[in-house]
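Student: Take a look at structure04.cif, mmCIF, C-alpha atoms:
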```
data_protein
loop_
_atom_site.group_PDB
_atom_site.id
_atom_site.type_symbol
_atom_site.label_atom_id
_atom_site.label_comp_id
_atom_site.auth_asym_id
_atom_site.auth_seq_id
_atom_site.Cartn_x
_atom_site.Cartn_y
_atom_site.Cartn_z
ATOM 1 C CA MET A 466 0.000 0.000 0.000
ATOM 2 C CA THR A 467 1.399 3.414 -0.921
ATOM 3 C CA SER A 468 1.666 6.165 1.637
ATOM 4 C CA LYS A 469 -0.849 8.287 -0.315
ATOM 5 C CA ARG A 470 -3.420 5.479 -0.277
ATOM 6 C CA TYR A 471 -2.786 4.891 3.420
ATOM 7 C CA ALA A 472 -3.262 8.617 4.091
ATOM 8 C CA GLN A 473 -6.568 8.566 2.193
ATOM 9 C CA ILE A 474 -7.894 5.662 4.262
ATOM 10 C CA PHE A 475 -6.462 6.925 7.563
ATOM 11 C CA GLY A 476 -7.704 10.470 6.880
ATOM 12 C CA GLN A 477 -11.262 9.210 6.569
ATOM 13 C CA LEU A 478 -11.004 7.489 9.942
ATOM 14 C CA ARG A 479 -9.439 10.537 11.634
ATOM 15 C CA GLY A 480 -11.937 13.096 10.373
ATOM 16 C CA PRO A 481 -11.538 16.167 8.192
ATOM 17 C CA HIS A 482 -8.239 18.074 8.171
ATOM 18 C CA ARG A 483 -9.842 21.301 9.433
ATOM 19 C CA LEU A 484 -10.899 19.509 12.626
ATOM 20 C CA ARG A 485 -7.502 17.887 13.250
ATOM 21 C CA CYS A 486 -5.181 20.892 12.899
ATOM 22 C CA ASN A 487 -5.978 22.826 16.033
ATOM 23 C CA SER A 488 -2.879 23.721 18.001
ATOM 24 C CA PHE A 489 -2.920 22.993 21.709
ATOM 25 C CA PRO A 490 -0.261 23.518 24.382
ATOM 26 C CA PRO A 491 1.375 20.573 26.116
ATOM 27 C CA PRO A 492 0.655 19.930 29.810
ATOM 28 C CA PRO A 493 2.801 21.833 32.341
ATOM 29 C CA GLY A 494 6.321 20.412 32.526
ATOM 30 C CA TRP A 495 6.152 18.908 29.029
ATOM 31 C CA ILE A 496 7.762 20.048 25.766
ATOM 32 C CA LYS A 497 5.887 19.783 22.483
ATOM 33 C CA LEU A 498 7.631 18.779 19.240
ATOM 34 C CA ASN A 499 5.788 19.538 15.989
ATOM 35 C CA ILE A 500 7.272 17.786 12.952
ATOM 36 C CA ASN A 501 6.712 17.943 9.212
ATOM 37 C CA GLY A 502 8.127 16.019 6.264
ATOM 38 C CA ILE A 503 7.552 16.347 2.515
ATOM 39 C CA GLY A 504 9.013 13.885 0.008
ATOM 40 C CA ALA A 505 10.912 14.870 -3.126
ATOM 41 C CA LYS A 506 8.893 15.558 -6.279
ATOM 42 C CA GLY A 507 10.537 16.166 -9.625
ATOM 43 C CA ASP A 508 13.566 18.401 -9.152
ATOM 44 C CA ARG A 509 12.334 19.650 -5.740
ATOM 45 C CA PRO A 510 14.211 17.918 -2.890
ATOM 46 C CA GLY A 511 12.425 16.342 0.051
ATOM 47 C CA ARG A 512 12.350 18.402 3.239
ATOM 48 C CA TYR A 513 11.749 17.902 6.941
ATOM 49 C CA SER A 514 11.518 20.223 9.938
ATOM 50 C CA GLY A 515 10.597 20.383 13.591
ATOM 51 C CA ILE A 516 9.949 22.962 16.298
ATOM 52 C CA PHE A 517 9.995 22.681 20.103
ATOM 53 C CA GLU A 518 7.658 24.699 22.372
ATOM 54 C CA ASP A 519 6.790 24.653 26.068
ATOM 55 C CA GLU A 520 3.348 24.915 27.720
ATOM 56 C CA ILE A 521 3.156 28.699 27.352
ATOM 57 C CA GLY A 522 4.209 28.652 23.690
ATOM 58 C CA THR A 523 7.819 29.696 24.258
ATOM 59 C CA PHE A 524 10.005 28.762 21.289
ATOM 60 C CA LEU A 525 12.761 26.388 22.482
ATOM 61 C CA GLY A 526 14.413 25.391 19.216
ATOM 62 C CA ARG A 527 13.911 24.289 15.640
ATOM 63 C CA TYR A 528 15.647 22.378 12.909
ATOM 64 C CA LYS A 529 15.233 21.666 9.207
ATOM 65 C CA GLY A 530 16.947 19.706 6.499
ATOM 66 C CA SER A 531 16.617 18.068 3.125
ATOM 67 C CA ILE A 532 16.341 14.382 2.301
ATOM 68 C CA ASP A 533 16.496 12.456 -0.959
ATOM 69 C CA VAL A 534 13.330 10.344 -0.677
ATOM 70 C CA GLU A 535 9.949 10.636 -2.404
ATOM 71 C CA ASP A 536 7.830 9.263 0.440
ATOM 72 C CA ASP A 537 6.225 11.844 2.776
ATOM 73 C CA VAL A 538 6.084 9.299 5.616
ATOM 74 C CA ILE A 539 9.838 8.621 5.457
ATOM 75 C CA SER A 540 10.496 12.379 5.432
ATOM 76 C CA GLY A 541 8.276 12.756 8.501
ATOM 77 C CA LEU A 542 10.098 9.931 10.254
ATOM 78 C CA GLU A 543 13.405 11.656 9.517
ATOM 79 C CA ALA A 544 11.982 14.809 11.138
ATOM 80 C CA LEU A 545 11.034 12.738 14.197
ATOM 81 C CA ARG A 546 14.474 11.088 14.318
ATOM 82 C CA HIS A 547 16.260 14.450 14.247
ATOM 83 C CA GLY A 548 13.987 15.786 17.001
ATOM 84 C CA LEU A 549 14.650 12.789 19.245
ATOM 85 C CA VAL A 550 18.414 13.037 18.640
ATOM 86 C CA ARG A 551 18.315 16.712 19.667
ATOM 87 C CA CYS A 552 16.452 15.768 22.861
ATOM 88 C CA MET A 553 19.071 13.132 23.676
ATOM 89 C CA GLU A 554 21.758 15.813 23.195
ATOM 90 C CA GLY A 555 19.886 18.133 25.591
ATOM 91 C CA LYS A 556 18.804 20.658 22.922
ATOM 92 C CA PRO A 557 16.241 21.191 24.472
ATOM 93 C CA ASN A 558 16.421 19.295 27.749
ATOM 94 C CA ALA A 559 13.087 17.494 27.411
ATOM 95 C CA LEU A 560 12.352 15.076 30.220
ATOM 96 C CA LYS A 561 8.736 14.780 29.004
ATOM 97 C CA LEU A 562 8.124 15.079 25.261
ATOM 98 C CA LEU A 563 4.827 15.271 23.378
ATOM 99 C CA VAL A 564 5.110 14.705 19.610
#
```
Let me see whether you can do it: turn the structure in this file into structure tokens.

Tutor:
Amino acid sequence: MTSKRYAQIFGQLRGPHRLRCNSFPPPPGWIKLNINGIGAKGDRPGRYSGIFEDEIGTFLGRYKGSIDVEDDVISGLEALRHGLVRCMEGKPNALKLLV
């Protein structure tokens, strides 16, 4: 099954996009990591990024990069991997992480 087909099926089970994209703060003491990944298409390279915020919306750090894959899911997983590596390095020092 392709990632696009999976997203079509999973999207129907999760509800419409407009209802799922409401930002909410993490609980007190937690750090929130938002990630995004887009696969390569044509001559446009794949990209990934992530941003860390605390419960009051304070910006704690961000990262971005490019990746040579066409699959959006793999790009998103690369964004997650980079975020977790940064946490292990203490940038930011996240004892409790919400992704």

Student: Using all atoms listed in the file, find the one residue out of A:Val534, A:Gly541, A:Phe489, A:Asn499 that sits nearest to Val564 of chain A.

Tutor: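 Nearest candidate to Val564 of chain A out of A:Val534, A:Gly541, A:Phe489, A:Asn499: A:Asn499.
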
Student: On this file, the PyMOL selection byres ((chain A and resi 512) around 12) gives some set of residues; write that set as a PDB file with C-alpha atoms, in the coordinates of the input.

Tutor:
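Wrote selection.pdb, looks like this:
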```pdb
ATOM      1  CA  ILE A 500       7.272  17.786  12.952  1.00  0.00           C
ATOM      2  CA  ASN A 501       6.712  17.943   9.212  1.00  0.00           C
ATOM      3  CA  GLY A 502       8.127  16.019   6.264  1.00  0.00           C
ATOM      4  CA  ILE A 503       7.552  16.347   2.515  1.00  0.00           C
ATOM      5  CA  GLY A 504       9.013  13.885   0.008  1.00  0.00           C
ATOM      6  CA  ALA A 505      10.912  14.870  -3.126  1.00  0.00           C
ATOM      7  CA  LYS A 506       8.893  15.558  -6.279  1.00  0.00           C
ATOM      8  CA  ARG A 509      12.334  19.650  -5.740  1.00  0.00           C
ATOM      9  CA  PRO A 510      14.211  17.918  -2.890  1.00  0.00           C
ATOM     10  CA  GLY A 511      12.425  16.342   0.051  1.00  0.00           C
ATOM     11  CA  TYR A 513      11.749  17.902   6.941  1.00  0.00           C
ATOM     12  CA  SER A 514      11.518  20.223   9.938  1.00  0.00           C
ATOM     13  CA  GLY A 515      10.597  20.383  13.591  1.00  0.00           C
ATOM     14  CA  TYR A 528      15.647  22.378  12.909  1.00  0.00           C
ATOM     15  CA  LYS A 529      15.233  21.666   9.207  1.00  0.00           C
ATOM     16  CA  GLY A 530      16.947  19.706   6.499  1.00  0.00           C
ATOM     17  CA  SER A 531      16.617  18.068   3.125  1.00  0.00           C
ATOM     18  CA  ILE A 532      16.341  14.382   2.301  1.00  0.00           C
ATOM     19  CA  ASP A 533      16.496  12.456  -0.959  1.00  0.00           C
ATOM     20  CA  VAL A 534      13.330  10.344  -0.677  1.00  0.00           C
ATOM     21  CA  GLU A 535       9.949  10.636  -2.404  1.00  0.00           C
ATOM     22  CA  ASP A 536       7.830   9.263   0.440  1.00  0.00           C
ATOM     23  CA  ASP A 537       6.225  11.844   2.776  1.00  0.00           C
ATOM     24  CA  VAL A 538       6.084   9.299   5.616  1.00  0.00           C
ATOM     25  CA  ILE A 539       9.838   8.621   5.457  1.00  0.00           C
ATOM     26  CA  SER A 540      10.496  12.379   5.432  1.00  0.00           C
ATOM     27  CA  GLY A 541       8.276  12.756   8.501  1.00  0.00           C
ATOM     28  CA  LEU A 542      10.098   9.931  10.254  1.00  0.00           C
ATOM     29  CA  GLU A 543      13.405  11.656   9.517  1.00  0.00           C
ATOM     30  CA  ALA A 544      11.982  14.809  11.138  1.00  0.00           C
TER      31      ALA A 544
END
```

Student: For each of A:Pro491, A:Arg551, A:Leu562, A:Asp508, take the minimum atom-to-atom distance to Gly522 of chain A, counting all atoms listed in the file, then give the residue where this is smallest.

Tutor: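 Using all atoms listed in the file, Gly522 of chain A sits closest to A:Pro491.
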
Student: To one decimal place in Å, what is the distance between atom CA of Arg527 of chain A and atom CA of Gly507 of chain A?

Tutor: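 Answer for the atom CA of Arg527 of chain A to atom CA of Gly507 of chain A separation: 26.8 Å.
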
Student: How far is it from atom CA of Ile516 of chain A to atom CA of Pro490 of chain A, in Å with one decimal?

Tutor: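 Atom CA of Ile516 of chain A sits 13.0 Å away from atom CA of Pro490 of chain A.
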
Student: Which one of A:Leu525, A:Leu560, A:Gly494, A:Phe517 sits closest to Gly548 of chain A if you count all atoms listed in the file?

Tutor: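 So, comparing all the options, the nearest one is A:Phe517.
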
Student: Name the closest residue to Lys561 of chain A among the candidates A:Trp495, A:Asp519, A:Gly526, A:Arg546; distances are taken between atoms, counting all atoms listed in the file.

Tutor: A:Trp495

Student: In Å, how far is it from atom CA of Asn558 of chain A to atom CA of Glu518 of chain A?

Tutor: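 Rounded to one decimal, the two atoms are 11.6 Å apart.
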
Student: Which of these residues is nearest to Leu563 of chain A, using all atoms listed in the file: A:Leu545, A:Glu520, A:Pro493, A:Leu498?

Tutor: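 Once distances to Leu563 of chain A are computed over all atoms listed in the file, the minimum belongs to A:Leu498.
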